[in-house]
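S.K.: Let me begin by handing over the structure; questions about it come next.
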Amino acid sequence: MSQDHSYRCLEVPGDAPFALGPSKGKGWGAFATRRIERGTLILREKPLFVIQKAHDEITEQDIWTAFHQLQPKEKKQFLCLRDNDSRPFLRIIDAFAENSFSISAHPPTRGIFLLQSRFDHSCIPNSKIPATGGQSISRFATRTIDAGEEITFCYPTAFHCKTRDERHRELRFICHCKACLPGTPFQQLSDMRRTLIRGLQYLTLGHDFNGQRQTSASPIIFNSELKQAAEDFSIPISSRLIYNLLFMVLMEEEGLLDDFIIRRMTPSIRMTTTKFQTESNVRIARLAMAQETWLGKFCVAFMLHGRRDVADDAIAEQLRMLHGLSV
Ligand SMILES: C[S@@+](CC[C@H](N)C(=O)[O-])C[C@H]1O[C@@H](n2cnc3c(N)ncnc32)[C@H](O)[C@@H]1O
């Protein structure tokens, strides 16, 4: 059946390190045709068309208008997209929702990407499309991918701090990745790790993943003093360093620590270590950062647990000012 499947008419670049094919229980997906090293560009793609509007404001009419401006060959390509491999989409708005990606938030713009949207989801993915400027979007390998392995990415955001049940309430399908197989030791640990990651983020940022304060209906930080300290940025620097390093360790254990996260987190972790003024804390922080692994850094930094620093009050005040909490 797959020899004459609609997706055969999608044009995969000749040098692409993947091919499209059936993926058990997921429709079709993209599979590595050779070993792909971590960090490698897998696919850069231009949109077939874009619509400059917020996702929830895009109407059927907007999509038909954009569709009618396409060349005949492009229309054919769009129409070959299937509702997860099987039927043609019943409504053009569903085809758009399933196969479009956000290109920019300001102004809000979404584009249809024929190939990028063929990749299936995993909660422990091996590729990522980082936010960039411009209309093309690029997918990179976040770890080494073996020939024959399915190339996946994580569809929604903030899945790194949501449990299996929370993720499945958002997905419109049941994911069977390693972090979702119920009852396995990995899945149970995964739920614990992701819950902890969410809490650690709350403690260092002062808010939840969605920018909101936690309410009593969905508590993550149960200790009210600690929650208050997080929200008014009076968490000591030693704890900030420990929490950030533990975040890296847990992300690594979970298989989610990619180079994009390392590049985003490392400067702020290094910056935190430069803030200590108490001599003994400075020494421990330096020793921690000299360790090779994230686990090694965390274990040494844990010696700072419970230690205050001369700089704590000034740092807390700076953070409050930055967040508009004091003048
Ligand atoms: C953008 S499409 C991905 C390509 C799709 N498999 C196809 O054949 O066209 C998204 C749809 O693929 C399916 N899918 C993707 N990842 C999945 C997964 N991990 N488990 C089950 N179904 C998945 C779901 O039906 C989802 O709505």
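Just so we're on the same page: first chain in the structure tokens is A, next is B, and so on; residues restart at 1 for each chain, and ligands are numbered from 1 in the order they show up.
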For Ala97 (chain A), work out the shell of residues within 9 Å, counting only C-alpha atoms and skipping chain neighbours fewer than 5 positions away, then give it as a list of chain:residue names.
M.R.: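 My list of contacting residues is A:His55, A:Ile92, A:Ile112.
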S.K.: Excluding Leu287 (chain A) and residues on its chain fewer than 6 positions from it, collect all residues at most 10 Å away from it, counting only C-alpha atoms, and give them as a PDB file with N, CA and C atoms, in the first residue's frame.
M.R.:
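See selection_0.pdb below for the written result:
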```
ATOM      1  N   ASN A 281      32.329  30.336  50.237  1.00  0.00           N
ATOM      2  CA  ASN A 281      31.344  30.011  49.187  1.00  0.00           C
ATOM      3  C   ASN A 281      31.971  30.151  47.804  1.00  0.00           C
ATOM      4  N   GLY A 296      28.747  15.834  38.780  1.00  0.00           N
ATOM      5  CA  GLY A 296      29.922  16.196  39.588  1.00  0.00           C
ATOM      6  C   GLY A 296      29.793  17.622  40.118  1.00  0.00           C
ATOM      7  N   LYS A 297      29.378  18.531  39.241  1.00  0.00           N
ATOM      8  CA  LYS A 297      29.224  19.942  39.658  1.00  0.00           C
ATOM      9  C   LYS A 297      28.169  20.032  40.770  1.00  0.00           C
ATOM     10  N   VAL A 300      29.381  18.681  44.254  1.00  0.00           N
ATOM     11  CA  VAL A 300      30.270  19.611  44.980  1.00  0.00           C
ATOM     12  C   VAL A 300      29.465  20.824  45.451  1.00  0.00           C
ATOM     13  N   ALA A 301      28.614  21.356  44.565  1.00  0.00           N
ATOM     14  CA  ALA A 301      27.838  22.555  44.919  1.00  0.00           C
ATOM     15  C   ALA A 301      26.931  22.286  46.114  1.00  0.00           C
TER      16      ALA A 301
END
```
S.K.: Mind listing the residues within 9 Å of ligand 1, only C-alpha atoms and all ligand atoms counted, as a PyMOL selection string?
M.R.: chain A and resi 7+21-30+81-86+97-100+116-123+152-155+171-177
S.K.: Record the distance separating CA of Ala179 (chain A) and CA of Asp259 (chain A), expressed in Å with one decimal.
M.R.: 20.6 Å
S.K.: From the options A:Leu114, A:Cys161, A:Ala314, A:Leu90, which residue's atoms come nearest to Phe49 (chain A), counting only C-alpha atoms?
M.R.: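 Between A:Leu114, A:Cys161, A:Ala314, A:Leu90, the residue approaching Phe49 (chain A) most closely is A:Leu114.
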S.K.: Quick one: DSSP strand (DSSP E or B) residues in region 82-160 of chain A, as a count of residues only?
M.R.: 29
S.K.: Taking only region 35-82 of chain A into account, list the residues labelled alpha helix (DSSP H) by DSSP (computed from the backbone), as a list of chain:residue names.
M.R.: A:Glu60, A:Gln61, A:Asp62, A:Ile63, A:Trp64, A:Thr65, A:Ala66, A:Phe67, A:His68, A:Pro72, A:Lys73, A:Glu74, A:Lys75, A:Lys76, A:Gln77, A:Phe78, A:Leu79
S.K.: Quick one: pull the distance between CA of Ile220 (chain A) and CA of Met192 (chain A), Å, one decimal.
M.R.: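 According to the coordinates, CA of Ile220 (chain A) and CA of Met192 (chain A) are separated by 11.9 Å.
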S.K.: Just the number, please: distance in Å from CA of Glu74 (chain A) to CA of Ser127 (chain A), one decimal.
M.R.: 26.7 Å
